[in-house]
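Shown next, in structure tokens, is the structure this report addresses.
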Amino acid sequence: MIKRVTEQMGKTVEEAIRKGLEELKVSREDVKVEVLEEPTSGGVLGILSAKLAKVRLTVDKKISDKQAEDTINKVKEILDEFFKITNEDIKYNVEKVNNQIILTLTGDNISHLIGYKGKTIEAFQSLLNSMLQREDEEYAKVFVEMNDYKKQKEAKLKKFANKMANNVIKFRRPIKLEPMSAYERLIIHQELAKRGDVETESIGEEPRRRVVIKKKYN
């Protein structure tokens, strides 16, 4: 059984939990939550004596072999019908990798399926999962990749995140990034969690939710 664990901090317990869910790419019901530290106010001494909430989230949800097989077969059925209608020359592979179902699409002319800033690929993934859930709630969630787009995008986001973090340290002031999707925010949070000099939080409401990078004070 695969377990994934993350520890997150926030001004409130709920904020810390949200950050953890974004990092793990799971919903609230798929994790065990342990509150390691309750938040406290600054009191008469002000913000310097305040303590952030700290939580540990543990994912303990295994995709069974049958669930994976059923999901993969259904995805193949959907895609065969879809590409028969669109008559597009697209190759695909769907498999279980590290307790996730990954659908990989490859082809010479599939940029239209990626779309501006990856919006179409996200919409395609959302539509595919909606079709699966409507058919049977036992189907596993499917993650879609096209021509290594997400892999390349992750590399660019990580480089951008570290550049912005360096600016936070250099100029000693927080930076608010432009609104991003939950997937993009997740990459930023994960990458900067490796550093000990900055911390991140997500603020705002969808679709204008964004990441704030701040200097970390120990």
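So you can find residues: chains in the structure tokens are A, B, ... in the order shown, residues in each start at 1, and ligands are numbered from 1 in order.
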Next item on the list: Please run DSSP on the backbone and report, as a PyMOL selection string, all residues within region 11-105 of chain A that come out as alpha helix (DSSP H).
Entry: chain A and resi 13-24+65-86
Resulting file, chosen residues, N, CA and C atoms, as a short mmCIF file (atom, residue, chain, number, x, y, z; two decimals), in the first residue's frame:
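Everything below was put into selection-v4.cif:
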```
data_model
loop_
_atom_site.label_atom_id
_atom_site.label_comp_id
_atom_site.auth_asym_id
_atom_site.auth_seq_id
_atom_site.Cartn_x
_atom_site.Cartn_y
_atom_site.Cartn_z
N VAL A 13 -5.64 26.15 10.90
CA VAL A 13 -5.56 24.73 10.61
C VAL A 13 -6.09 24.46 9.20
N GLU A 14 -7.20 25.09 8.84
CA GLU A 14 -7.80 24.88 7.52
C GLU A 14 -6.88 25.33 6.41
N GLU A 15 -6.16 26.43 6.61
CA GLU A 15 -5.22 26.89 5.59
C GLU A 15 -4.10 25.88 5.40
N ALA A 16 -3.59 25.34 6.50
CA ALA A 16 -2.53 24.33 6.43
C ALA A 16 -3.03 23.08 5.72
N ILE A 17 -4.27 22.68 6.00
CA ILE A 17 -4.84 21.50 5.35
C ILE A 17 -5.00 21.73 3.85
N ARG A 18 -5.47 22.92 3.47
CA ARG A 18 -5.64 23.24 2.05
C ARG A 18 -4.31 23.13 1.30
N LYS A 19 -3.26 23.63 1.92
CA LYS A 19 -1.94 23.57 1.29
C LYS A 19 -1.51 22.12 1.11
N GLY A 20 -1.81 21.29 2.10
CA GLY A 20 -1.46 19.88 2.01
C GLY A 20 -2.23 19.16 0.91
N LEU A 21 -3.52 19.47 0.79
CA LEU A 21 -4.35 18.84 -0.24
C LEU A 21 -3.88 19.24 -1.64
N GLU A 22 -3.46 20.50 -1.80
CA GLU A 22 -2.94 20.97 -3.08
C GLU A 22 -1.67 20.21 -3.43
N GLU A 23 -0.82 20.00 -2.44
CA GLU A 23 0.45 19.31 -2.70
C GLU A 23 0.22 17.85 -3.07
N LEU A 24 -0.69 17.20 -2.37
CA LEU A 24 -0.91 15.77 -2.58
C LEU A 24 -1.85 15.45 -3.73
N ASP A 65 -6.04 -3.39 -8.11
CA ASP A 65 -5.74 -3.84 -9.47
C ASP A 65 -7.01 -3.90 -10.32
N LYS A 66 -8.12 -4.32 -9.72
CA LYS A 66 -9.38 -4.39 -10.45
C LYS A 66 -9.88 -2.99 -10.81
N GLN A 67 -9.78 -2.08 -9.84
CA GLN A 67 -10.21 -0.70 -10.09
C GLN A 67 -9.37 -0.09 -11.21
N ALA A 68 -8.07 -0.34 -11.19
CA ALA A 68 -7.18 0.19 -12.23
C ALA A 68 -7.53 -0.42 -13.58
N GLU A 69 -7.73 -1.73 -13.62
CA GLU A 69 -8.04 -2.42 -14.87
C GLU A 69 -9.37 -1.93 -15.45
N ASP A 70 -10.38 -1.79 -14.59
CA ASP A 70 -11.69 -1.31 -15.06
C ASP A 70 -11.59 0.11 -15.60
N THR A 71 -10.84 0.97 -14.88
CA THR A 71 -10.68 2.36 -15.31
C THR A 71 -9.95 2.44 -16.64
N ILE A 72 -8.86 1.70 -16.77
CA ILE A 72 -8.07 1.71 -17.99
C ILE A 72 -8.90 1.23 -19.18
N ASN A 73 -9.65 0.16 -19.00
CA ASN A 73 -10.49 -0.36 -20.09
C ASN A 73 -11.56 0.64 -20.51
N LYS A 74 -12.15 1.33 -19.53
CA LYS A 74 -13.18 2.32 -19.84
C LYS A 74 -12.59 3.52 -20.56
N VAL A 75 -11.41 3.95 -20.14
CA VAL A 75 -10.74 5.08 -20.81
C VAL A 75 -10.44 4.72 -22.26
N LYS A 76 -9.96 3.52 -22.49
CA LYS A 76 -9.67 3.07 -23.86
C LYS A 76 -10.94 3.06 -24.71
N GLU A 77 -12.03 2.63 -24.11
CA GLU A 77 -13.32 2.60 -24.82
C GLU A 77 -13.75 4.00 -25.21
N ILE A 78 -13.62 4.94 -24.27
CA ILE A 78 -14.01 6.33 -24.53
C ILE A 78 -13.13 6.94 -25.61
N LEU A 79 -11.81 6.73 -25.51
CA LEU A 79 -10.89 7.34 -26.47
C LEU A 79 -11.04 6.74 -27.86
N ASP A 80 -11.28 5.44 -27.96
CA ASP A 80 -11.47 4.82 -29.27
C ASP A 80 -12.67 5.43 -29.98
N GLU A 81 -13.74 5.66 -29.25
CA GLU A 81 -14.94 6.28 -29.83
C GLU A 81 -14.67 7.74 -30.20
N PHE A 82 -13.95 8.42 -29.32
CA PHE A 82 -13.66 9.85 -29.54
C PHE A 82 -12.81 10.06 -30.79
N PHE A 83 -11.73 9.29 -30.91
CA PHE A 83 -10.83 9.46 -32.04
C PHE A 83 -11.42 8.90 -33.33
N LYS A 84 -12.37 7.99 -33.22
CA LYS A 84 -13.07 7.49 -34.40
C LYS A 84 -13.93 8.61 -34.99
N ILE A 85 -14.53 9.39 -34.10
CA ILE A 85 -15.39 10.50 -34.53
C ILE A 85 -14.55 11.66 -35.09
N THR A 86 -13.48 12.00 -34.39
CA THR A 86 -12.65 13.15 -34.79
C THR A 86 -11.67 12.80 -35.90
#
```
Notebook entry, point to check: Restricting the calculation to only C-alpha atoms, which member of A:Glu191, A:Glu34, A:Asp148, A:Glu122 is positioned closest to Met164 (chain A)?
Noted result: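 Result for the nearest residue to Met164 (chain A): A:Glu191.
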Margin query: Please list as a PyMOL selection string every residue within 7 Å of region 126-132 of chain A, counting only C-alpha atoms and excluding residues in the same chain fewer than 4 positions away.
Written below: chain A and resi 122+136+139+141-142
Note to self: Can you pull out the residues contacting Ile110 (chain A)? Cut-off 10 Å, using only C-alpha atoms, and skip same-chain residues under 5 positions away; I want them as JSON, numbers by chain.
What the structure shows: {"A": [88, 89, 90, 105, 115, 146, 147]}
Output N, CA and C atoms for every residue in the selection just made, as a PDB file, in the first residue's frame.
```
ATOM      1  N   GLU A  88      -8.624  11.732 -35.751  1.00  0.00           N
ATOM      2  CA  GLU A  88      -7.312  12.315 -35.497  1.00  0.00           C
ATOM      3  C   GLU A  88      -6.267  11.214 -35.313  1.00  0.00           C
ATOM      4  N   ASP A  89      -5.060  11.498 -35.794  1.00  0.00           N
ATOM      5  CA  ASP A  89      -3.960  10.536 -35.690  1.00  0.00           C
ATOM      6  C   ASP A  89      -3.220  10.770 -34.375  1.00  0.00           C
ATOM      7  N   ILE A  90      -3.771  10.239 -33.323  1.00  0.00           N
ATOM      8  CA  ILE A  90      -3.203  10.427 -31.983  1.00  0.00           C
ATOM      9  C   ILE A  90      -2.993   9.060 -31.338  1.00  0.00           C
ATOM     10  N   LEU A 105      -0.921  11.056 -24.185  1.00  0.00           N
ATOM     11  CA  LEU A 105      -1.283  11.245 -25.588  1.00  0.00           C
ATOM     12  C   LEU A 105      -0.085  11.786 -26.347  1.00  0.00           C
ATOM     13  N   GLY A 115      -3.900  23.674 -25.782  1.00  0.00           N
ATOM     14  CA  GLY A 115      -4.559  24.952 -25.600  1.00  0.00           C
ATOM     15  C   GLY A 115      -3.687  26.002 -24.946  1.00  0.00           C
ATOM     16  N   MET A 146       0.213  15.259 -22.385  1.00  0.00           N
ATOM     17  CA  MET A 146       0.278  15.318 -23.849  1.00  0.00           C
ATOM     18  C   MET A 146       1.651  15.809 -24.296  1.00  0.00           C
ATOM     19  N   ASN A 147       2.338  14.976 -25.086  1.00  0.00           N
ATOM     20  CA  ASN A 147       3.650  15.351 -25.634  1.00  0.00           C
ATOM     21  C   ASN A 147       4.572  15.961 -24.585  1.00  0.00           C
TER      22      ASN A 147
END
```
Note to self: Just list as number ranges by chain whatever in region 2-35 of chain A DSSP marks as strand (DSSP E or B).
What the structure shows: A: 4-10, 31-35
Next item on the list: Write out as a list in words each polymer residue whose atoms come within 7 Å of Val33 (chain A), counting only C-alpha atoms; drop sequence neighbours fewer than 2 positions from it.
Entry: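 The neighbour list is Val31, Val35, Val55, Arg56, Leu57 and Thr58 of chain A.
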Check: So, counting only C-alpha atoms, which residue among A:Lys91, A:Phe171, A:Ile187, A:Pro39 is closest to Met9 (chain A)?
Finding: A:Pro39
List the neighbours of Ile169 (chain A) out to 8 Å using only C-alpha atoms; skip same-chain residues closer than 6 positions along the sequence, and give me the result as a compact mmCIF listing (two decimals) with N, CA and C atoms, in the first residue's frame.
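And here is the file that came out, selection_25.txt:
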```txt
# COMPACT_ATOMS: atom_id res chain seq x y z
N ASP A 197 14.31 29.13 3.31
CA ASP A 197 14.32 30.59 3.50
C ASP A 197 13.02 31.28 3.12
N VAL A 198 12.09 30.53 2.47
CA VAL A 198 10.81 31.14 2.09
C VAL A 198 9.67 30.19 2.44
N LYS A 215 9.29 35.64 2.92
CA LYS A 215 10.50 35.22 3.64
C LYS A 215 10.09 34.44 4.88
```
Margin query: If we count only C-alpha atoms and set the cut-off at 10 Å, which residues sit around Val211 (chain A), ignoring sequence neighbours fewer than 4 positions away in its own chain? Please answer as a PyMOL selection string.
Written below: chain A and resi 175-180+182+184-186+188-189+200-204
Next item on the list: Could you jot down the CA of Glu206 (chain A) to CA of Thr104 (chain A) separation for me, Å, one decimal place?
Entry: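 Computing it gives 27.5 Å between the two atoms.
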